$ cat my_file-v5.cif   # mmCIF, C-alpha atoms
data_run
loop_
_atom_site.label_atom_id
_atom_site.label_comp_id
_atom_site.auth_asym_id
_atom_site.auth_seq_id
_atom_site.Cartn_x
_atom_site.Cartn_y
_atom_site.Cartn_z
CA MET A 1 -42.66 -27.08 -23.37
CA ARG A 2 -43.16 -23.40 -22.70
CA LEU A 3 -42.01 -22.38 -19.23
CA HIS A 4 -44.28 -20.61 -16.79
CA ARG A 5 -43.42 -16.92 -16.49
CA PHE A 6 -43.68 -14.76 -13.36
CA PHE A 7 -43.39 -11.01 -12.75
CA ILE A 8 -41.43 -10.11 -9.63
CA PRO A 9 -40.96 -6.32 -9.44
CA GLU A 10 -38.17 -6.41 -6.86
CA LEU A 11 -35.72 -9.24 -7.39
CA VAL A 12 -33.32 -9.99 -4.53
CA GLY A 13 -30.07 -11.69 -5.39
CA ASN A 14 -26.98 -11.42 -7.56
CA ARG A 15 -28.57 -12.69 -10.77
CA THR A 16 -27.06 -16.12 -10.23
CA GLU A 17 -29.36 -16.83 -7.31
CA LEU A 18 -32.79 -15.24 -6.83
CA ILE A 19 -34.51 -15.18 -3.47
CA ILE A 20 -38.20 -14.40 -3.74
CA ARG A 21 -40.40 -13.90 -0.71
CA SER A 22 -44.02 -14.27 -1.71
CA SER A 23 -46.57 -16.61 -0.20
CA ASP A 24 -48.75 -16.17 -3.30
CA LEU A 25 -45.93 -17.24 -5.63
CA VAL A 26 -44.89 -20.16 -3.44
CA GLY A 27 -48.50 -21.32 -3.26
CA GLN A 28 -48.86 -21.10 -7.03
CA LEU A 29 -45.59 -22.96 -7.65
CA ARG A 30 -46.19 -25.74 -5.12
CA ARG A 31 -49.95 -26.27 -4.93
CA VAL A 32 -51.24 -25.08 -8.31
CA LEU A 33 -48.42 -25.88 -10.73
CA ARG A 34 -46.79 -28.56 -8.55
CA LEU A 35 -43.29 -27.54 -9.62
CA LYS A 36 -40.58 -29.53 -7.88
CA ILE A 37 -36.95 -28.81 -7.02
CA GLY A 38 -34.93 -28.57 -10.24
CA GLU A 39 -37.86 -27.56 -12.46
CA GLU A 40 -37.54 -24.29 -14.35
CA ALA A 41 -39.54 -21.10 -14.70
CA VAL A 42 -38.95 -17.65 -16.18
CA ILE A 43 -38.70 -14.61 -13.90
CA PHE A 44 -38.82 -10.97 -15.05
CA ASP A 45 -38.82 -7.69 -13.14
CA GLY A 46 -39.92 -5.13 -15.73
CA SER A 47 -36.43 -4.12 -16.83
CA GLY A 48 -36.65 -5.98 -20.14
CA SER A 49 -34.77 -9.14 -19.17
CA ASP A 50 -36.12 -12.66 -18.65
CA TYR A 51 -34.25 -14.97 -16.29
CA THR A 52 -34.54 -18.71 -16.81
CA ALA A 53 -34.18 -20.20 -13.35
CA ALA A 54 -34.52 -23.57 -11.65
CA ILE A 55 -36.16 -23.99 -8.27
CA ALA A 56 -33.35 -24.69 -5.82
CA GLN A 57 -35.21 -24.61 -2.52
CA TYR A 58 -38.54 -23.83 -0.92
CA VAL A 59 -38.07 -22.07 2.41
CA GLY A 60 -41.27 -22.35 4.38
CA ALA A 61 -44.54 -21.19 2.90
CA ASP A 62 -43.43 -17.78 1.69
CA CYS A 63 -39.95 -18.06 0.18
CA VAL A 64 -38.42 -19.75 -2.85
CA VAL A 65 -34.81 -19.75 -4.02
CA PHE A 66 -33.97 -20.01 -7.72
CA ASP A 67 -30.69 -20.80 -9.43
CA VAL A 68 -30.39 -18.62 -12.53
CA ARG A 69 -29.40 -20.61 -15.60
CA GLY A 70 -29.61 -17.93 -18.25
CA ALA A 71 -30.82 -14.44 -19.14
CA ALA A 72 -32.22 -13.02 -22.35
CA ARG A 73 -34.12 -9.99 -23.54
CA SER A 74 -37.87 -10.26 -23.10
CA ARG A 75 -39.86 -11.19 -26.19
CA TYR A 76 -41.48 -7.76 -26.36
CA MET A 77 -40.90 -4.34 -24.80
CA PRO A 78 -43.05 -1.34 -25.80
CA SER A 79 -40.90 1.08 -27.77
CA ARG A 80 -42.93 4.19 -26.95
CA LYS A 81 -45.52 5.60 -24.60
CA ILE A 82 -49.11 4.66 -25.43
CA TYR A 83 -51.74 6.09 -23.10
CA LEU A 84 -55.17 4.46 -23.22
CA CYS A 85 -57.90 6.69 -21.80
CA ALA A 86 -60.77 4.22 -21.70
CA ALA A 87 -64.21 5.20 -20.47
CA LEU A 88 -65.57 3.00 -17.73
CA VAL A 89 -67.82 0.16 -18.87
CA LYS A 90 -69.19 -2.94 -17.18
CA LYS A 91 -66.74 -4.77 -14.90
CA ASP A 92 -66.02 -7.80 -17.10
CA ASN A 93 -65.71 -5.69 -20.23
CA PHE A 94 -63.28 -3.26 -18.60
CA GLU A 95 -61.18 -6.16 -17.34
CA PHE A 96 -61.08 -7.45 -20.92
CA ILE A 97 -59.89 -3.99 -22.03
CA VAL A 98 -57.04 -4.03 -19.51
CA GLU A 99 -55.98 -7.53 -20.56
CA LYS A 100 -55.93 -6.79 -24.29
CA ALA A 101 -54.37 -3.35 -23.88
CA THR A 102 -51.54 -4.98 -21.94
CA GLU A 103 -50.98 -7.58 -24.65
CA LEU A 104 -50.93 -4.84 -27.30
CA GLY A 105 -48.29 -2.73 -25.59
CA VAL A 106 -50.13 0.09 -23.81
CA THR A 107 -47.88 1.67 -21.19
CA ASP A 108 -50.50 3.57 -19.20
CA ILE A 109 -54.17 2.69 -18.72
CA ILE A 110 -56.28 5.60 -17.49
CA PRO A 111 -59.87 4.73 -16.56
CA VAL A 112 -62.10 7.68 -17.46
CA LEU A 113 -65.46 8.56 -15.97
CA ALA A 114 -67.62 9.64 -18.90
CA GLU A 115 -71.19 10.95 -18.90
CA ARG A 116 -72.53 7.66 -20.22
CA SER A 117 -70.35 5.36 -18.12
CA GLU A 118 -72.42 2.64 -16.46
CA LYS A 119 -69.86 2.14 -13.70
CA LYS A 120 -68.32 4.85 -11.55
CA SER A 121 -65.33 3.03 -10.03
CA VAL A 122 -62.89 0.17 -10.57
CA ASN A 123 -61.11 -2.40 -8.45
CA GLU A 124 -57.54 -1.20 -8.96
CA GLU A 125 -56.00 -4.24 -7.26
CA ARG A 126 -57.93 -6.59 -9.54
CA LEU A 127 -57.01 -4.60 -12.67
CA ASN A 128 -53.32 -4.56 -11.73
CA LYS A 129 -53.44 -8.33 -11.22
CA ILE A 130 -54.94 -8.74 -14.71
CA ALA A 131 -52.22 -6.52 -16.20
CA VAL A 132 -49.50 -8.60 -14.52
CA GLU A 133 -51.00 -11.88 -15.71
CA ALA A 134 -51.38 -10.58 -19.27
CA SER A 135 -47.73 -9.44 -19.28
CA GLU A 136 -46.61 -12.84 -17.99
CA GLN A 137 -48.62 -14.68 -20.64
CA SER A 138 -47.71 -12.48 -23.61
CA GLY A 139 -43.95 -12.39 -23.08
CA ARG A 140 -43.99 -8.66 -22.45
CA GLY A 141 -40.96 -7.39 -20.53
CA ASN A 142 -42.79 -4.91 -18.33
CA VAL A 143 -46.25 -4.23 -16.92
CA PRO A 144 -48.43 -1.22 -17.76
CA VAL A 145 -49.42 1.25 -15.08
CA VAL A 146 -53.12 1.20 -14.23
CA HIS A 147 -54.01 4.65 -12.90
CA PRO A 148 -56.90 5.71 -10.66
CA VAL A 149 -60.15 6.81 -12.23
CA VAL A 150 -60.25 10.42 -13.45
CA SER A 151 -62.96 12.56 -14.99
CA LEU A 152 -62.82 13.17 -18.72
CA LYS A 153 -61.95 16.82 -18.08
CA GLU A 154 -59.01 15.76 -15.90
CA ALA A 155 -57.86 13.26 -18.54
CA VAL A 156 -57.92 15.88 -21.29
CA GLU A 157 -56.03 18.38 -19.16
CA LEU A 158 -53.30 15.81 -18.51
CA PHE A 159 -52.33 15.96 -22.17
CA LYS A 160 -52.92 19.62 -22.95
CA LYS A 161 -50.40 21.15 -20.57
CA GLU A 162 -47.31 22.44 -22.33
CA GLU A 163 -44.62 21.38 -19.88
CA SER A 164 -43.31 17.86 -19.43
CA GLY A 165 -43.07 16.19 -16.05
CA GLU A 166 -45.28 14.51 -13.50
CA ARG A 167 -48.96 15.37 -13.51
CA GLY A 168 -50.66 13.72 -10.59
CA SER A 169 -49.49 10.11 -10.69
CA ILE A 170 -48.70 10.23 -14.40
CA GLU A 171 -45.28 11.10 -15.78
CA MET A 172 -45.33 12.11 -19.43
CA PRO A 173 -43.49 14.14 -22.05
CA ALA A 174 -44.72 17.56 -23.13
CA ALA A 175 -45.93 16.57 -26.58
CA VAL A 176 -48.41 13.71 -26.84
CA GLN A 177 -50.61 13.26 -29.90
CA CYS A 178 -54.21 12.71 -28.83
CA LEU A 179 -56.87 10.90 -30.84
CA VAL A 180 -60.52 10.55 -29.89
CA PHE A 181 -62.42 7.67 -31.43
CA HIS A 182 -65.96 8.73 -32.28
CA THR A 183 -68.47 7.43 -34.81
CA ASP A 184 -68.80 10.87 -36.43
CA GLY A 185 -65.05 11.47 -36.73
CA GLU A 186 -62.90 11.42 -39.84
CA HIS A 187 -61.73 8.01 -41.00
CA LEU A 188 -58.45 7.15 -39.34
CA ASN A 189 -55.44 7.64 -41.59
CA ARG A 190 -52.93 5.03 -40.45
CA ASN A 191 -50.17 6.64 -42.52
CA GLY A 192 -50.55 9.79 -40.48
CA LEU A 193 -50.00 8.10 -37.15
CA PRO A 194 -46.69 8.69 -35.37
CA LYS A 195 -44.44 5.63 -35.40
CA ASP A 196 -42.40 6.34 -32.30
CA ALA A 197 -43.85 9.46 -30.66
CA PRO A 198 -46.09 9.24 -27.59
CA ILE A 199 -49.80 8.91 -28.34
CA ALA A 200 -52.99 8.98 -26.27
CA LEU A 201 -56.19 7.26 -27.39
CA PHE A 202 -59.60 8.19 -25.99
CA ILE A 203 -62.20 5.42 -26.29
CA GLY A 204 -65.75 6.12 -25.17
CA PRO A 205 -68.31 4.01 -23.30
CA GLU A 206 -71.33 2.13 -24.63
CA GLY A 207 -73.44 4.80 -26.33
CA GLY A 208 -70.36 6.84 -27.22
CA TRP A 209 -69.23 10.29 -26.13
CA SER A 210 -71.95 12.82 -25.35
CA PRO A 211 -72.29 16.02 -27.44
CA ASP A 212 -70.80 18.05 -24.58
CA GLU A 213 -67.80 15.72 -24.40
CA VAL A 214 -67.23 15.94 -28.15
CA ALA A 215 -67.42 19.73 -27.85
CA MET A 216 -64.74 19.57 -25.14
CA PHE A 217 -62.43 17.61 -27.43
CA HIS A 218 -62.96 20.14 -30.22
CA ALA A 219 -62.31 23.02 -27.83
CA HIS A 220 -58.91 21.49 -27.04
CA ASP A 221 -58.12 20.87 -30.73
CA ILE A 222 -58.10 17.10 -30.28
CA ASP A 223 -58.80 15.20 -33.49
CA THR A 224 -61.79 12.87 -33.61
CA VAL A 225 -61.45 9.81 -35.82
CA CYS A 226 -63.42 6.65 -36.56
CA LEU A 227 -62.49 3.12 -37.53
CA GLY A 228 -65.33 2.59 -39.97
CA SER A 229 -69.05 3.00 -40.42
CA GLN A 230 -70.02 0.17 -38.09
CA VAL A 231 -70.81 0.78 -34.41
CA LEU A 232 -68.35 -1.10 -32.20
CA ARG A 233 -68.64 -2.15 -28.59
CA ALA A 234 -66.24 -0.27 -26.34
CA GLU A 235 -63.92 -3.25 -25.81
CA THR A 236 -63.90 -4.04 -29.55
CA ALA A 237 -63.03 -0.42 -30.32
CA VAL A 238 -60.07 -0.58 -27.94
CA VAL A 239 -58.62 -3.66 -29.63
CA ALA A 240 -59.26 -2.28 -33.12
CA ALA A 241 -57.79 1.15 -32.37
CA LEU A 242 -54.70 -0.22 -30.66
CA SER A 243 -54.13 -2.68 -33.49
CA GLN A 244 -54.04 0.25 -35.92
CA VAL A 245 -51.52 2.09 -33.78
CA VAL A 246 -49.29 -0.84 -32.85
CA PHE A 247 -49.30 -2.80 -36.11
CA GLY A 248 -50.14 -0.04 -38.59
#
$ encode --input "my_file-v5.cif" --output "structure tokens"
Amino acid sequence: MRLHRFFIPELVGNRTELIIRSSDLVGQLRRVLRLKIGEEAVIFDGSGSDYTAAIAQYVGADCVVFDVRGAARSRYMPSRKIYLCAALVKKDNFEFIVEKATELGVTDIIPVLAERSEKKSVNEERLNKIAVEASEQSGRGNVPVVHPVVSLKEAVELFKKEESGERGSIEMPAAVQCLVFHTDGEHLNRNGLPKDAPIALFIGPEGGWSPDEVAMFHAHDIDTVCLGSQVLRAETAVVAALSQVVFG
């Protein structure tokens, strides 16, 4: 039987014994999953290692002690930076985007306020929770960063500065290949995609990018590409585009 997997960003212990203080985790272990002393789970902290551990002791309502029984590399760790600049769409659809982007190995999710975005804000706490749960479920060894909402202009400028370093809350290398997915773009050439270099994907909202937004991309020499002649929903386009990049 597959063990339940939990992301704990700050593990306390010597890797033979883990002490985790979290009322949410204890509640999930005891009341939801009904795991008893001696039963096992997998713990990971984002460093790329999974720890198989048995519950040794519950201490009150907010602390659990695990005995570590083994460690192994996580099933999957992203090998490069993938930035997803996804235009805001309806709440449930954007949550779907975050979940699937996490499963497909995106390292940074940047919600973008586009002209045709139906929503203007996101629940960052909720989106981070979805990213954690998707990482736990998929066997991923770390969790993507979900950034605050930015305007499209701000998102473009993040990737067009020459120097590397931290820009706002986002740390990135100097050279990032940018691709904008647009129905009038050139057909995507998978053979021309970088295999290991950082890449940023811009996916528009329902109704697509406006003419002014497309003009902005052209002004910054950002290539516009399409996945085919059909018109895709925003969340479908995200999955299709990332599949090309990750598995192509």
$ closest_atom_pairs --input "my_file-v5.cif" --of "range 118-147 of chain A" --to "range 60-75 of chain A" --cutoff "9 Å" --atoms "only C-alpha atoms" --output "tab-separated table"
residue	atom	partner	partner_atom	distance
A:Ser138	CA	A:Arg75	CA	8.4
A:Gly139	CA	A:Arg75	CA	5.3
A:Arg140	CA	A:Arg75	CA	6.1
A:Gly141	CA	A:Ser74	CA	4.9
A:Asn142	CA	A:Ser74	CA	8.7
$ resolve_selection --input "my_file-v5.cif" --expression "the PyMOL selection byres ((chain A and resi 42) around 7)" --output "NGL selection string"
:A and (3-6 or 41 or 43-44 or 50-53)
$ closest_residue --input "my_file-v5.cif" --among "A:Phe7, A:Arg30, A:Cys85, A:Ile19" --to "Ala131 in chain A" --atoms "all atoms listed in the file"
A:Phe7
$ closest_atom_pairs --input "my_file-v5.cif" --of "range 130-248 of chain A" --to "range 103-120 of chain A" --cutoff "8 Å" --atoms "all atoms listed in the file" --output "Markdown table"
| residue | atom | partner | partner_atom | distance |
| --- | --- | --- | --- | --- |
| A:Ala134 | CA | A:Glu103 | CA | 6.2 |
| A:Ser135 | CA | A:Glu103 | CA | 6.5 |
| A:Ser138 | CA | A:Glu103 | CA | 6.0 |
| A:Arg140 | CA | A:Glu103 | CA | 7.4 |
| A:Val143 | CA | A:Thr107 | CA | 7.5 |
| A:Pro144 | CA | A:Thr107 | CA | 4.5 |
| A:Val145 | CA | A:Asp108 | CA | 4.9 |
| A:Val146 | CA | A:Ile109 | CA | 4.8 |
| A:His147 | CA | A:Ile110 | CA | 5.2 |
| A:Pro148 | CA | A:Pro111 | CA | 6.7 |
| A:Val149 | CA | A:Pro111 | CA | 4.8 |
| A:Val150 | CA | A:Val112 | CA | 5.2 |
| A:Ser151 | CA | A:Leu113 | CA | 4.8 |
| A:Leu152 | CA | A:Val112 | CA | 5.7 |
| A:Ala155 | CA | A:Val112 | CA | 7.1 |
| A:Gly204 | CA | A:Ala114 | CA | 7.4 |
| A:Pro205 | CA | A:Ser117 | CA | 5.7 |
| A:Glu206 | CA | A:Arg116 | CA | 7.2 |
| A:Gly207 | CA | A:Arg116 | CA | 6.8 |
| A:Gly208 | CA | A:Arg116 | CA | 7.4 |
| A:Trp209 | CA | A:Arg116 | CA | 7.3 |
| A:Ser210 | CA | A:Glu115 | CA | 6.8 |
| A:Leu242 | CA | A:Leu104 | CA | 6.8 |
| A:Ser243 | CA | A:Leu104 | CA | 7.3 |
| A:Val246 | CA | A:Leu104 | CA | 7.0 |
$ residues_around --input "my_file-v5.cif" --residues "Lys195 in chain A" --least-positions-apart "5" --cutoff "10 Å" --atoms "all atoms listed in the file" --output "VMD selection string"
chain A and resid 79 to 80 190 245 to 248
$ closest_residue --input "my_file-v5.cif" --among "A:Glu125, A:Glu133, A:Asp212, A:Asp223" --to "Leu193 in chain A" --atoms "all atoms listed in the file"
A:Asp223
$ atom_distance --input "my_file-v5.cif" --atom1 "CA of Thr236 in chain A" --atom2 "CA of Glu157 in chain A"
25.9 Å
$ atom_distance --input "my_file-v5.cif" --atom1 "CA of Ala101 in chain A" --atom2 "CA of Pro9 in chain A"
19.9 Å
$ closest_residue --input "my_file-v5.cif" --among "A:Gly46, A:Glu40, A:Ile97, A:Leu158" --to "Glu10 in chain A" --atoms "all atoms listed in the file"
A:Gly46
$ closest_residue --input "my_file-v5.cif" --among "A:Ser47, A:Gln230, A:Gln137, A:Gln177" --to "Tyr83 in chain A" --atoms "all atoms listed in the file"
A:Gln177
$ residues_around --input "my_file-v5.cif" --residues "Leu227 in chain A" --least-positions-apart "5" --cutoff "9 Å" --atoms "only C-alpha atoms" --output "list of chain:residue names"
A:Phe181, A:His182, A:Thr183, A:Gly185, A:Glu186, A:His187, A:Leu188, A:Leu232, A:Ala237, A:Ala240, A:Ala241
$ residues_around --input "my_file-v5.cif" --residues "Asn93 in chain A" --least-positions-apart "4" --cutoff "10 Å" --atoms "only C-alpha atoms" --output "list of chain:residue names"
A:Leu88, A:Val89, A:Ile97, A:Val98, A:Glu99, A:Arg233, A:Ala234, A:Glu235, A:Thr236
$ atom_distance --input "my_file-v5.cif" --atom1 "CA of Ile20 in chain A" --atom2 "CA of Asn128 in chain A"
19.7 Å
$ resolve_selection --input "my_file-v5.cif" --expression "the PyMOL selection byres ((chain A and resi 201) around 7)" --output "MDAnalysis selection string"
chainID A and resid 83:85 178:180 199:200 202:203
$ closest_residue --input "my_file-v5.cif" --among "A:Ala219, A:Asn191, A:Leu29, A:Glu17" --to "Gln244 in chain A" --atoms "all atoms listed in the file"
A:Asn191
